[in-house]
$ cat protein_37.tsv   # TSV, C-alpha atoms
chain	number	residue	atom	x	y	z
A	1	MET	CA	76.15	436.12	35.82
A	2	ASP	CA	78.05	438.98	37.40
A	3	LYS	CA	77.03	442.29	35.85
A	4	ALA	CA	80.65	443.43	35.89
A	5	LEU	CA	81.39	440.74	33.34
A	6	ILE	CA	78.99	442.09	30.76
A	7	GLY	CA	80.69	443.97	27.96
A	8	THR	CA	79.40	447.00	26.07
A	9	ASP	CA	77.68	444.78	23.46
A	10	GLY	CA	75.62	442.97	26.12
A	11	HIS	CA	77.71	439.79	25.94
A	12	PRO	CA	80.12	438.71	28.65
A	13	ASP	CA	83.54	440.22	28.21
A	14	PRO	CA	85.74	437.13	27.70
A	15	GLU	CA	88.78	438.76	29.30
A	16	LEU	CA	86.91	439.66	32.47
A	17	LEU	CA	85.05	436.39	32.56
A	18	ILE	CA	88.19	434.28	32.24
A	19	GLU	CA	89.81	436.21	35.07
A	20	GLN	CA	86.85	435.57	37.30
A	21	LEU	CA	86.68	431.90	36.36
A	22	LEU	CA	90.38	431.62	37.05
A	23	ASP	CA	89.92	433.16	40.50
A	24	GLU	CA	86.99	430.93	41.25
A	25	TYR	CA	88.09	427.57	39.84
A	26	GLY	CA	91.82	427.90	39.17
A	27	GLU	CA	92.90	426.25	42.40
A	28	SER	CA	90.31	423.47	42.24
A	29	VAL	CA	91.33	422.70	38.66
A	30	LYS	CA	95.00	422.56	39.60
A	31	LYS	CA	94.30	420.23	42.53
A	32	LEU	CA	91.97	418.08	40.45
A	33	ALA	CA	94.61	417.83	37.74
A	34	TYR	CA	97.20	416.87	40.34
A	35	THR	CA	95.06	413.95	41.55
A	36	TYR	CA	95.31	412.58	38.01
A	37	VAL	CA	98.87	413.40	36.99
A	38	LYS	CA	100.53	413.31	40.47
A	39	ASP	CA	102.96	416.02	39.42
A	40	TRP	CA	102.58	419.70	40.35
A	41	ALA	CA	104.50	421.01	37.33
A	42	LEU	CA	102.35	418.95	35.02
A	43	ALA	CA	99.22	419.98	36.95
A	44	GLU	CA	100.17	423.62	36.33
A	45	ASP	CA	100.53	422.95	32.63
A	46	VAL	CA	97.18	421.17	32.58
A	47	THR	CA	95.55	424.10	34.40
A	48	GLN	CA	96.92	426.49	31.79
A	49	GLU	CA	95.64	424.26	28.99
A	50	VAL	CA	92.24	424.04	30.66
A	51	PHE	CA	91.81	427.81	30.86
A	52	LEU	CA	93.13	428.33	27.36
A	53	SER	CA	90.54	425.86	26.17
A	54	VAL	CA	87.84	427.54	28.27
A	55	TYR	CA	88.73	430.92	26.79
A	56	HIS	CA	88.78	429.51	23.28
A	57	HIS	CA	85.38	427.84	23.66
A	58	LEU	CA	83.67	430.57	25.69
A	59	PRO	CA	81.69	431.91	22.68
A	60	ARG	CA	80.25	428.42	22.18
A	61	PHE	CA	79.33	427.85	25.84
A	62	ARG	CA	75.54	427.66	25.82
A	63	GLY	CA	75.03	427.47	29.57
A	64	GLU	CA	73.50	423.99	29.46
A	65	SER	CA	75.61	423.13	32.48
A	66	SER	CA	77.24	425.28	35.14
A	67	TYR	CA	80.65	426.80	34.52
A	68	LYS	CA	82.00	424.49	37.21
A	69	THR	CA	80.75	421.31	35.50
A	70	TRP	CA	82.00	422.52	32.13
A	71	ILE	CA	85.44	423.48	33.42
A	72	TYR	CA	85.81	420.25	35.38
A	73	LYS	CA	84.90	418.27	32.31
A	74	ILE	CA	87.66	419.99	30.35
A	75	ALA	CA	90.06	419.53	33.27
A	76	ILE	CA	89.38	415.79	33.46
A	77	ASN	CA	89.89	415.36	29.72
A	78	LYS	CA	93.08	417.42	29.70
A	79	SER	CA	94.43	415.53	32.70
A	80	LYS	CA	93.76	412.18	31.07
A	81	ASP	CA	95.47	413.43	27.92
A	82	ALA	CA	98.43	414.54	30.01
A	83	ILE	CA	98.69	411.09	31.60
A	84	LYS	CA	98.77	409.53	28.16
A	85	THR	CA	101.50	411.84	26.88
A	86	ARG	CA	103.52	412.46	30.05
A	87	PHE	CA	106.10	409.84	29.11
A	88	LEU	CA	106.80	411.72	25.90
A	89	ARG	CA	107.80	414.84	27.81
A	90	PRO	CA	111.54	415.51	27.68
A	91	ASN	CA	111.87	416.58	31.31
A	92	LYS	CA	109.85	413.73	32.75
A	93	LEU	CA	112.77	412.37	34.80
A	94	LEU	CA	113.42	415.73	36.46
A	95	LYS	CA	109.77	416.13	37.27
A	96	LYS	CA	109.53	412.61	38.62
A	97	LEU	CA	112.42	413.36	40.93
A	98	LYS	CA	110.74	416.59	42.00
A	99	ALA	CA	107.50	414.78	42.67
A	100	TYR	CA	109.37	412.21	44.74
A	101	THR	CA	111.06	414.97	46.72
A	102	ASP	CA	107.71	416.67	47.32
A	103	VAL	CA	106.26	413.47	48.75
A	104	TYR	CA	109.36	412.90	50.85
A	105	ASP	CA	109.28	416.43	52.27
A	106	LEU	CA	105.61	416.10	52.91
A	107	SER	CA	106.15	412.89	54.79
A	108	ALA	CA	108.85	414.44	56.92
A	109	GLU	CA	106.84	417.51	57.65
A	110	ALA	CA	103.56	415.81	58.24
A	111	ARG	CA	104.68	413.15	60.68
A	112	ALA	CA	102.88	414.93	63.43
A	113	MET	CA	99.63	414.70	61.56
A	114	ASP	CA	100.15	411.08	60.72
A	115	ALA	CA	98.36	410.07	63.88
A	116	ILE	CA	95.07	411.32	62.54
A	117	GLY	CA	95.72	409.45	59.34
A	118	ASP	CA	95.48	412.37	56.89
A	119	VAL	CA	98.72	411.58	55.11
A	120	ARG	CA	98.05	407.90	55.06
A	121	LEU	CA	94.58	408.36	53.65
A	122	SER	CA	95.75	410.85	51.02
A	123	GLN	CA	98.59	408.63	49.94
A	124	ALA	CA	96.28	405.64	49.79
A	125	VAL	CA	93.93	407.61	47.55
A	126	MET	CA	96.81	408.62	45.31
A	127	ARG	CA	97.95	405.00	45.01
A	128	LEU	CA	94.60	403.89	43.60
A	129	PRO	CA	94.44	403.18	39.87
A	130	VAL	CA	93.27	406.29	38.05
A	131	LYS	CA	89.76	405.05	37.24
A	132	TYR	CA	89.07	404.34	40.95
A	133	ARG	CA	90.92	407.41	42.19
A	134	GLU	CA	88.81	409.53	39.83
A	135	VAL	CA	85.48	408.50	41.37
A	136	ILE	CA	86.78	408.81	44.94
A	137	ILE	CA	88.08	412.31	44.29
A	138	LEU	CA	84.97	413.47	42.46
A	139	TYR	CA	82.58	411.95	45.00
A	140	TYR	CA	84.33	412.59	48.32
A	141	TYR	CA	86.74	415.42	47.59
A	142	GLU	CA	84.70	417.46	45.11
A	143	GLU	CA	81.45	416.30	46.71
A	144	LEU	CA	79.73	415.80	43.39
A	145	LYS	CA	76.59	413.72	42.96
A	146	LEU	CA	76.74	410.39	41.16
A	147	GLU	CA	74.79	411.87	38.24
A	148	GLU	CA	77.26	414.72	37.99
A	149	ILE	CA	80.16	412.26	37.96
A	150	GLN	CA	78.38	410.33	35.23
A	151	GLN	CA	78.01	413.55	33.24
A	152	LEU	CA	81.62	414.57	33.73
A	153	THR	CA	83.24	411.25	33.02
A	154	LYS	CA	80.71	409.95	30.50
A	155	ILE	CA	80.61	406.69	32.42
A	156	ASN	CA	77.44	404.72	32.97
A	157	LEU	CA	75.79	405.44	36.32
A	158	SER	CA	75.91	401.80	37.39
A	159	THR	CA	79.60	401.69	36.45
A	160	VAL	CA	80.22	404.79	38.57
A	161	LYS	CA	78.56	403.06	41.52
A	162	THR	CA	80.51	399.85	40.96
A	163	ARG	CA	83.78	401.74	40.69
A	164	LEU	CA	83.03	403.67	43.83
A	165	ARG	CA	82.34	400.48	45.74
A	166	ARG	CA	85.48	398.79	44.48
A	167	ALA	CA	87.52	401.94	45.07
A	168	LYS	CA	86.46	402.03	48.71
A	169	ALA	CA	87.35	398.38	49.17
A	170	MET	CA	90.77	398.94	47.60
A	171	LEU	CA	91.28	402.07	49.63
A	172	ARG	CA	90.52	400.21	52.84
A	173	GLU	CA	93.17	397.63	51.97
A	174	LEU	CA	95.74	400.26	51.05
A	175	TYR	CA	95.02	402.23	54.20
A	176	GLU	CA	95.29	399.16	56.41
A	177	GLU	CA	98.50	398.25	54.66
A	178	GLY	CA	99.85	401.72	55.42
A	179	VAL	CA	98.91	401.41	59.05
A	180	THR	CA	100.62	398.02	59.30
A	181	HIS	CA	103.81	399.27	57.63
A	182	GLY	CA	103.71	402.59	59.43
B	183	MET	CA	86.61	404.32	56.38
B	184	ASP	CA	83.40	406.08	55.36
B	185	GLU	CA	83.88	408.55	58.18
B	186	LYS	CA	87.43	409.23	57.05
B	187	LEU	CA	86.35	409.66	53.44
B	188	ARG	CA	83.74	412.19	54.48
B	189	HIS	CA	86.64	414.38	55.57
B	190	LEU	CA	88.78	413.56	52.57
B	191	LYS	CA	88.82	417.16	51.35
B	192	GLU	CA	90.27	418.45	54.62
B	193	SER	CA	92.68	415.55	54.83
B	194	MET	CA	94.03	416.02	51.33
B	195	ASP	CA	94.11	419.82	51.50
B	196	ARG	CA	96.15	419.59	54.71
B	197	THR	CA	98.58	417.08	53.28
B	198	ILE	CA	99.10	416.07	49.71
B	199	LEU	CA	97.27	419.00	48.09
B	200	ARG	CA	98.58	421.71	50.37
B	201	ASN	CA	100.77	423.06	47.55
B	202	GLY	CA	97.80	423.34	45.25
B	203	ALA	CA	97.06	427.03	45.65
B	204	LEU	CA	97.14	428.87	42.35
B	205	ARG	CA	99.78	431.54	42.84
B	206	ALA	CA	99.37	435.04	41.42
B	207	GLU	CA	102.35	434.35	39.17
B	208	GLU	CA	100.64	431.27	37.73
B	209	LYS	CA	97.46	433.25	37.12
B	210	GLN	CA	99.47	435.89	35.28
B	211	ASN	CA	101.14	433.19	33.22
B	212	ILE	CA	97.80	431.75	32.22
B	213	LEU	CA	96.36	435.15	31.30
B	214	PHE	CA	99.54	435.99	29.41
B	215	ALA	CA	99.32	432.67	27.51
B	216	ILE	CA	95.70	433.43	26.62
B	217	ARG	CA	96.63	436.89	25.29
B	218	MET	CA	99.61	435.52	23.39
B	219	ARG	CA	97.51	432.84	21.76
B	220	LYS	CA	94.87	435.41	20.85
B	221	ASP	CA	97.53	437.59	19.22
B	222	ARG	CA	99.04	434.59	17.47
B	223	ARG	CA	95.61	433.62	16.15
B	224	LYS	CA	95.09	437.15	14.83
B	225	LYS	CA	98.51	437.07	13.19
B	226	ARG	CA	97.82	433.65	11.73
B	227	PHE	CA	94.52	434.93	10.38
B	228	ARG	CA	96.25	437.91	8.71
B	229	ILE	CA	98.94	435.67	7.23
B	230	GLY	CA	96.27	433.27	6.02
B	231	LEU	CA	94.32	436.12	4.47
B	232	GLY	CA	97.43	437.39	2.66
B	233	ALA	CA	98.32	433.92	1.44
B	234	ALA	CA	94.76	433.37	0.19
B	235	ALA	CA	94.86	436.69	-1.70
B	236	VAL	CA	98.18	435.80	-3.35
B	237	LEU	CA	96.86	432.36	-4.21
B	238	CYS	CA	93.67	433.78	-5.75
B	239	LEU	CA	95.67	436.31	-7.76
B	240	SER	CA	98.05	433.71	-9.13
B	241	LEU	CA	95.13	431.40	-9.90
B	242	ALA	CA	93.32	434.18	-11.77
B	243	ILE	CA	96.47	435.01	-13.75
B	244	SER	CA	97.07	431.38	-14.64
B	245	LEU	CA	93.44	431.00	-15.76
B	246	LEU	CA	93.37	434.23	-17.75
B	247	TRP	CA	96.86	433.88	-19.21
B	248	PRO	CA	95.85	431.77	-22.28
B	249	ALA	CA	93.02	434.19	-23.05
B	250	LEU	CA	95.33	437.22	-22.73
B	251	HIS	CA	97.96	435.47	-24.83
B	252	ASP	CA	95.43	434.66	-27.57
B	253	LEU	CA	94.16	438.22	-27.52
B	254	SER	CA	97.63	439.63	-27.94
B	255	SER	CA	98.50	437.22	-30.79
B	256	HIS	CA	95.18	438.00	-32.53
B	257	THR	CA	95.96	441.68	-32.28
B	258	LYS	CA	99.31	441.02	-33.92
B	259	VAL	CA	97.74	438.97	-36.74
B	260	ALA	CA	95.10	441.61	-37.33
B	261	ARG	CA	97.73	444.32	-37.51
B	262	ALA	CA	99.96	442.49	-40.01
B	263	PRO	CA	97.69	442.66	-43.12
B	264	GLN	CA	96.85	446.28	-42.33
B	265	GLU	CA	100.52	447.16	-42.25
B	266	LYS	CA	101.07	445.23	-45.50
B	267	SER	CA	98.20	446.97	-47.28
B	268	LEU	CA	99.84	450.30	-46.58
B	269	SER	CA	102.51	449.36	-49.06
B	270	PRO	CA	101.37	450.56	-52.51
B	271	LYS	CA	103.06	447.58	-54.19
B	272	ASN	CA	100.88	445.01	-52.47
B	273	LYS	CA	97.71	447.05	-52.25
B	274	ASP	CA	95.82	445.51	-55.20
B	275	GLN	CA	96.91	441.99	-54.35
B	276	ALA	CA	95.80	442.45	-50.74
B	277	GLU	CA	92.41	443.74	-51.78
B	278	ASP	CA	91.90	440.70	-54.05
B	279	LYS	CA	92.82	438.37	-51.25
B	280	THR	CA	90.50	440.11	-48.82
B	281	GLU	CA	87.66	439.79	-51.29
B	282	GLN	CA	88.41	436.13	-51.82
B	283	MET	CA	88.54	435.50	-48.07
B	284	ARG	CA	85.20	437.25	-47.67
B	285	ILE	CA	83.66	434.93	-50.30
B	286	LEU	CA	85.11	431.87	-48.58
B	287	ASP	CA	83.89	432.97	-45.16
B	288	ALA	CA	80.38	433.77	-46.36
B	289	SER	CA	79.93	430.49	-48.18
B	290	ASP	CA	81.03	428.49	-45.15
B	291	PRO	CA	78.13	428.66	-42.71
B	292	PRO	CA	78.56	427.32	-39.17
B	293	GLN	CA	79.27	423.59	-39.15
B	294	TYR	CA	77.80	420.77	-37.11
B	295	ASN	CA	79.46	418.01	-35.27
B	296	SER	CA	79.03	415.03	-37.59
B	297	GLY	CA	80.84	412.46	-35.48
B	298	PHE	CA	83.03	411.53	-38.45
B	299	LYS	CA	86.44	410.04	-37.85
B	300	TYR	CA	89.38	411.72	-39.49
B	301	GLU	CA	93.13	411.34	-39.66
B	302	LYS	CA	95.06	413.30	-37.10
B	303	ASN	CA	96.83	415.43	-39.71
B	304	ASP	CA	93.78	415.94	-41.93
B	305	THR	CA	91.49	418.93	-41.70
B	306	PRO	CA	88.44	417.74	-39.76
B	307	VAL	CA	85.61	417.11	-42.21
B	308	THR	CA	83.23	419.18	-40.13
B	309	LEU	CA	85.31	422.26	-40.84
B	310	PHE	CA	84.67	422.43	-44.58
B	311	THR	CA	81.73	422.23	-46.92
B	312	TYR	CA	81.61	419.02	-48.88
B	313	ILE	CA	79.59	416.95	-51.34
B	314	ILE	CA	79.80	413.17	-51.35
B	315	PHE	CA	80.20	411.99	-54.90
B	316	ASN	CA	81.22	408.50	-56.02
B	317	HIS	CA	82.21	407.62	-52.44
B	318	TYR	CA	84.57	410.59	-52.14
B	319	TYR	CA	84.49	413.83	-50.25
B	320	TYR	CA	84.57	416.77	-52.65
B	321	ARG	CA	85.75	419.79	-50.78
B	322	LYS	CA	84.70	423.34	-51.57
B	323	THR	CA	87.52	425.27	-53.22
B	324	GLY	CA	86.22	428.81	-52.77
B	325	GLN	CA	86.20	429.31	-56.54
B	326	THR	CA	83.09	429.76	-58.60
B	327	ALA	CA	82.18	428.83	-62.17
B	328	ASP	CA	80.09	430.71	-64.72
B	329	PRO	CA	76.98	428.90	-65.95
B	330	SER	CA	78.65	428.80	-69.38
B	331	GLU	CA	81.49	426.76	-67.92
B	332	LEU	CA	79.20	424.06	-66.60
B	333	GLY	CA	79.12	420.69	-68.35
B	334	GLN	CA	76.46	418.05	-68.12
B	335	GLU	CA	74.68	417.01	-65.00
B	336	ILE	CA	76.57	414.06	-63.49
B	337	GLY	CA	74.68	413.57	-60.29
B	338	ARG	CA	72.42	415.15	-57.66
B	339	ILE	CA	72.66	416.33	-54.11
B	340	LYS	CA	69.83	414.41	-52.47
B	341	ARG	CA	70.08	415.26	-48.81
B	342	THR	CA	71.61	417.98	-46.70
B	343	GLY	CA	72.86	417.46	-43.18
B	344	VAL	CA	75.10	415.08	-41.28
B	345	TRP	CA	74.73	411.33	-41.09
B	346	GLN	CA	76.67	408.51	-39.56
B	347	GLU	CA	76.65	406.59	-42.85
B	348	LEU	CA	77.49	408.71	-45.84
B	349	ARG	CA	76.52	408.00	-49.40
B	350	SER	CA	76.78	409.72	-52.78
B	351	GLY	CA	74.54	412.75	-53.00
B	352	ASP	CA	75.05	413.85	-49.38
B	353	SER	CA	76.24	417.31	-48.46
B	354	ASN	CA	76.61	418.97	-45.10
B	355	ASN	CA	75.78	422.49	-46.37
B	356	MET	CA	74.73	422.45	-50.03
B	357	ARG	CA	71.02	422.25	-50.63
B	358	PRO	CA	69.60	419.43	-52.87
B	359	GLY	CA	70.12	420.02	-56.57
B	360	PRO	CA	72.15	418.95	-59.59
B	361	ILE	CA	75.88	418.31	-59.63
B	362	TYR	CA	77.67	419.41	-62.77
B	363	ALA	CA	80.90	418.62	-64.55
B	364	ILE	CA	83.03	421.62	-65.54
B	365	HIS	CA	84.28	422.24	-69.06
B	366	GLY	CA	88.00	421.80	-69.41
B	367	LYS	CA	88.30	420.01	-66.06
B	368	ASP	CA	88.39	416.34	-65.17
B	369	PRO	CA	84.91	415.48	-63.79
B	370	ALA	CA	86.55	412.95	-61.53
B	371	GLU	CA	88.54	415.80	-59.91
B	372	TYR	CA	86.25	418.83	-60.09
B	373	ILE	CA	82.49	419.18	-59.78
B	374	ALA	CA	80.17	422.15	-59.34
B	375	ALA	CA	76.87	422.74	-57.55
B	376	LYS	CA	74.62	425.72	-57.01
B	377	GLY	CA	75.12	427.62	-53.79
B	378	THR	CA	75.36	431.12	-52.44
B	379	ILE	CA	78.32	433.39	-51.98
B	380	MET	CA	78.68	436.74	-50.33
B	381	VAL	CA	79.82	439.53	-52.61
B	382	GLY	CA	80.40	442.67	-50.67
B	383	ARG	CA	77.45	442.70	-48.29
B	384	LYS	CA	75.06	440.85	-50.59
B	385	MET	CA	74.31	437.17	-50.96
B	386	ARG	CA	74.45	435.98	-54.55
B	387	GLU	CA	73.65	432.61	-56.11
B	388	SER	CA	76.58	431.01	-57.89
B	389	TYR	CA	78.03	427.68	-58.95
B	390	LEU	CA	80.61	426.63	-56.44
B	391	ILE	CA	83.55	424.45	-57.45
B	392	PHE	CA	84.40	421.37	-55.39
B	393	LYS	CA	87.64	419.35	-55.61
B	394	LYS	CA	88.08	415.66	-54.90
B	395	TYR	CA	89.51	415.30	-51.39
B	396	LYS	CA	89.49	411.79	-49.89
B	397	PRO	CA	87.38	408.62	-49.86
B	398	ILE	CA	84.56	408.42	-47.32
B	399	ASN	CA	85.79	404.97	-46.22
B	400	PRO	CA	89.58	405.16	-46.21
$ encode --input "protein_37.tsv" --output "structure tokens"
Amino acid sequence: MDKALIGTDGHPDPELLIEQLLDEYGESVKKLAYTYVKDWALAEDVTQEVFLSVYHHLPRFRGESSYKTWIYKIAINKSKDAIKTRFLRPNKLLKKLKAYTDVYDLSAEARAMDAIGDVRLSQAVMRLPVKYREVIILYYYEELKLEEIQQLTKINLSTVKTRLRRAKAMLRELYEEGVTHG
Amino acid sequence: MDEKLRHLKESMDRTILRNGALRAEEKQNILFAIRMRKDRRKKRFRIGLGAAAVLCLSLAISLLWPALHDLSSHTKVARAPQEKSLSPKNKDQAEDKTEQMRILDASDPPQYNSGFKYEKNDTPVTLFTYIIFNHYYYRKTGQTADPSELGQEIGRIKRTGVWQELRSGDSNNMRPGPIYAIHGKDPAEYIAAKGTIMVGRKMRESYLIFKKYKPINP
């Protein structure tokens, strides 16, 4: 742990620590949340909730896992909660429209890159059902090991493997479909 | 596909996640939210502490209120005879009554719980000294009789204590001994037995008068 984070009583200063964790993992958490909720405004809210929760539970963090694993675990849970309750949000229609506009702008702007398939691949990933998208993101985007994914998602290791296999098959279909329609 | 997925991070960061950077403004918002929540929690704690203190105080008052009320009414009762005795007119009468009360108190030792049933409006039998005679409770009157006033022996107190089934010759406080009739009084109504009374600060043996009260099996 960074010495600068240690307070006068020998324990980490929560204020300093949360700032450092925010610098280090804030962006990853926001992006991870987005891959679940597909809405930047909602991803921002989730990120805030994640760090509030981290700050609140910091005194009880026993260092059994790394900060990254712990924060990602909270982020995944908060994102899943947000998916469950997103339809109860009063401004969901506005945000849906915004999300649609974002995608549209992205498509317009990224036509040049379409040739290398980045957009198509990303969109295909985002079209996967959440349980398959989750393993693809954690395995290929976050580059986590299968055991780490198992720990984060509390899913059986064999189930993680099965989901990853199925996710790749589905992704292939979606990607091909995109190429055909493109 | 595997090759493409190996570069998924770059692909997504260039396209769909390119807006994912956490802006300084967002960071400030998060830190501000954390500080606000911390302050709110402190405030909530203080409010909770205050509410708990008020609750404890009101609980203590409600629990102690009957005791305080009793204490104040007892003080009033205790003051009343003192105030009365100051009046010269009632002084002698008050002294007599005090003496009589002292005799009654001394001859009524602490009672036991007998388990007897009693009518709601009656004085509970455990609260007075009695002799069972001819299937009736005879209740202590607080008066005494001279030996010269005693008539013939009409029965005996055979056992002292409390029992579930009562019979003639039982008493809750009077020790075993003869029961006498009293001259000039109906033996069916008044009886006497030897007991002790307190005169001043001394215990003295005397014949206590008992009056017929109620049947043991109503």
$ interface_residues --input "protein_37.tsv" --of "chain B" --to "chain A" --cutoff "12 Å" --atoms "only C-alpha atoms" --output "number ranges by chain"
B: 183-220, 223
$ residues_around --input "protein_37.tsv" --residues "range 338-350 of chain B" --least-positions-apart "4" --cutoff "6 Å" --atoms "all atoms listed in the file" --output "list in words"
Ser296, Ile314, Phe315, Asn316, His317, Asn354, Arg357, Pro358, Gly359, Pro360 and Ile361 of chain B
$ atom_distance --input "protein_37.tsv" --atom1 "CA of Glu176 in chain A" --atom2 "CA of Val37 in chain A"
24.3 Å
$ closest_residue --input "protein_37.tsv" --among "B:Leu246, B:Ala235, B:Met356, B:Ile364" --to "Ile313 in chain B" --atoms "only C-alpha atoms"
B:Met356
$ atom_distance --input "protein_37.tsv" --atom1 "CA of Ile391 in chain B" --atom2 "CA of Thr323 in chain B"
5.9 Å
$ residues_near_point --input "protein_37.tsv" --point "(79.4, 421.0, 33.9)" --cutoff "12 Å" --atoms "only C-alpha atoms" --output "list in words"
Phe61, Arg62, Gly63, Glu64, Ser65, Ser66, Tyr67, Lys68, Thr69, Trp70, Ile71, Tyr72, Lys73, Ile74, Ala75, Ile76, Leu144, Lys145, Glu147, Glu148, Ile149, Gln150, Gln151, Leu152, Thr153 and Lys154 of chain A
$ atom_distance --input "protein_37.tsv" --atom1 "CA of Ala41 in chain A" --atom2 "CA of Gln20 in chain A"
22.9 Å
$ residues_around --input "protein_37.tsv" --residues "Ala374 in chain B" --least-positions-apart "5" --cutoff "12 Å" --atoms "all atoms listed in the file" --output "PyMOL selection string"
chain B and resi 312-313+315+320-329+331-339+356+359-365+367-369+388-394
$ build_atoms --input "protein_37.tsv" --residues "range 23-44 of chain A" --atoms "N, CA and C atoms" --output "PDB file, in the coordinates of the input"
ATOM      1  N   ASP A  23      89.924 432.915  39.055  1.00  0.00           N
ATOM      2  CA  ASP A  23      89.920 433.160  40.500  1.00  0.00           C
ATOM      3  C   ASP A  23      89.073 432.117  41.221  1.00  0.00           C
ATOM      4  N   GLU A  24      87.954 431.800  40.591  1.00  0.00           N
ATOM      5  CA  GLU A  24      86.990 430.930  41.250  1.00  0.00           C
ATOM      6  C   GLU A  24      87.384 429.445  41.197  1.00  0.00           C
ATOM      7  N   TYR A  25      87.855 429.015  40.022  1.00  0.00           N
ATOM      8  CA  TYR A  25      88.090 427.570  39.840  1.00  0.00           C
ATOM      9  C   TYR A  25      89.542 427.188  39.587  1.00  0.00           C
ATOM     10  N   GLY A  26      90.417 428.180  39.495  1.00  0.00           N
ATOM     11  CA  GLY A  26      91.820 427.900  39.170  1.00  0.00           C
ATOM     12  C   GLY A  26      92.453 426.885  40.112  1.00  0.00           C
ATOM     13  N   GLU A  27      92.270 427.120  41.406  1.00  0.00           N
ATOM     14  CA  GLU A  27      92.900 426.250  42.400  1.00  0.00           C
ATOM     15  C   GLU A  27      92.295 424.838  42.362  1.00  0.00           C
ATOM     16  N   SER A  28      90.969 424.785  42.281  1.00  0.00           N
ATOM     17  CA  SER A  28      90.310 423.470  42.240  1.00  0.00           C
ATOM     18  C   SER A  28      90.773 422.684  41.025  1.00  0.00           C
ATOM     19  N   VAL A  29      90.910 423.384  39.891  1.00  0.00           N
ATOM     20  CA  VAL A  29      91.330 422.700  38.660  1.00  0.00           C
ATOM     21  C   VAL A  29      92.754 422.171  38.831  1.00  0.00           C
ATOM     22  N   LYS A  30      93.604 422.985  39.427  1.00  0.00           N
ATOM     23  CA  LYS A  30      95.000 422.560  39.600  1.00  0.00           C
ATOM     24  C   LYS A  30      95.073 421.328  40.519  1.00  0.00           C
ATOM     25  N   LYS A  31      94.294 421.365  41.595  1.00  0.00           N
ATOM     26  CA  LYS A  31      94.300 420.230  42.530  1.00  0.00           C
ATOM     27  C   LYS A  31      93.700 418.976  41.879  1.00  0.00           C
ATOM     28  N   LEU A  32      92.604 419.212  41.145  1.00  0.00           N
ATOM     29  CA  LEU A  32      91.970 418.080  40.450  1.00  0.00           C
ATOM     30  C   LEU A  32      92.955 417.454  39.454  1.00  0.00           C
ATOM     31  N   ALA A  33      93.639 418.318  38.712  1.00  0.00           N
ATOM     32  CA  ALA A  33      94.610 417.830  37.740  1.00  0.00           C
ATOM     33  C   ALA A  33      95.728 417.053  38.440  1.00  0.00           C
ATOM     34  N   TYR A  34      96.124 417.550  39.605  1.00  0.00           N
ATOM     35  CA  TYR A  34      97.200 416.870  40.340  1.00  0.00           C
ATOM     36  C   TYR A  34      96.781 415.455  40.737  1.00  0.00           C
ATOM     37  N   THR A  35      95.506 415.290  41.138  1.00  0.00           N
ATOM     38  CA  THR A  35      95.060 413.950  41.550  1.00  0.00           C
ATOM     39  C   THR A  35      95.124 412.951  40.390  1.00  0.00           C
ATOM     40  N   TYR A  36      95.157 413.466  39.178  1.00  0.00           N
ATOM     41  CA  TYR A  36      95.310 412.580  38.010  1.00  0.00           C
ATOM     42  C   TYR A  36      96.786 412.374  37.673  1.00  0.00           C
ATOM     43  N   VAL A  37      97.504 413.488  37.550  1.00  0.00           N
ATOM     44  CA  VAL A  37      98.870 413.400  36.990  1.00  0.00           C
ATOM     45  C   VAL A  37      99.946 413.216  38.060  1.00  0.00           C
ATOM     46  N   LYS A  38      99.614 413.476  39.321  1.00  0.00           N
ATOM     47  CA  LYS A  38     100.530 413.310  40.470  1.00  0.00           C
ATOM     48  C   LYS A  38     101.830 414.086  40.288  1.00  0.00           C
ATOM     49  N   ASP A  39     101.756 415.238  39.702  1.00  0.00           N
ATOM     50  CA  ASP A  39     102.960 416.020  39.420  1.00  0.00           C
ATOM     51  C   ASP A  39     102.532 417.495  39.354  1.00  0.00           C
ATOM     52  N   TRP A  40     103.060 418.315  40.276  1.00  0.00           N
ATOM     53  CA  TRP A  40     102.580 419.700  40.350  1.00  0.00           C
ATOM     54  C   TRP A  40     102.916 420.499  39.087  1.00  0.00           C
ATOM     55  N   ALA A  41     104.100 420.258  38.549  1.00  0.00           N
ATOM     56  CA  ALA A  41     104.500 421.010  37.330  1.00  0.00           C
ATOM     57  C   ALA A  41     103.546 420.675  36.182  1.00  0.00           C
ATOM     58  N   LEU A  42     103.262 419.379  36.083  1.00  0.00           N
ATOM     59  CA  LEU A  42     102.350 418.950  35.020  1.00  0.00           C
ATOM     60  C   LEU A  42     100.930 419.452  35.289  1.00  0.00           C
ATOM     61  N   ALA A  43     100.554 419.464  36.574  1.00  0.00           N
ATOM     62  CA  ALA A  43      99.220 419.980  36.950  1.00  0.00           C
ATOM     63  C   ALA A  43      99.087 421.455  36.569  1.00  0.00           C
ATOM     64  N   GLU A  44     100.171 422.194  36.731  1.00  0.00           N
ATOM     65  CA  GLU A  44     100.170 423.620  36.330  1.00  0.00           C
ATOM     66  C   GLU A  44      99.955 423.759  34.830  1.00  0.00           C
TER      67      GLU A  44
END
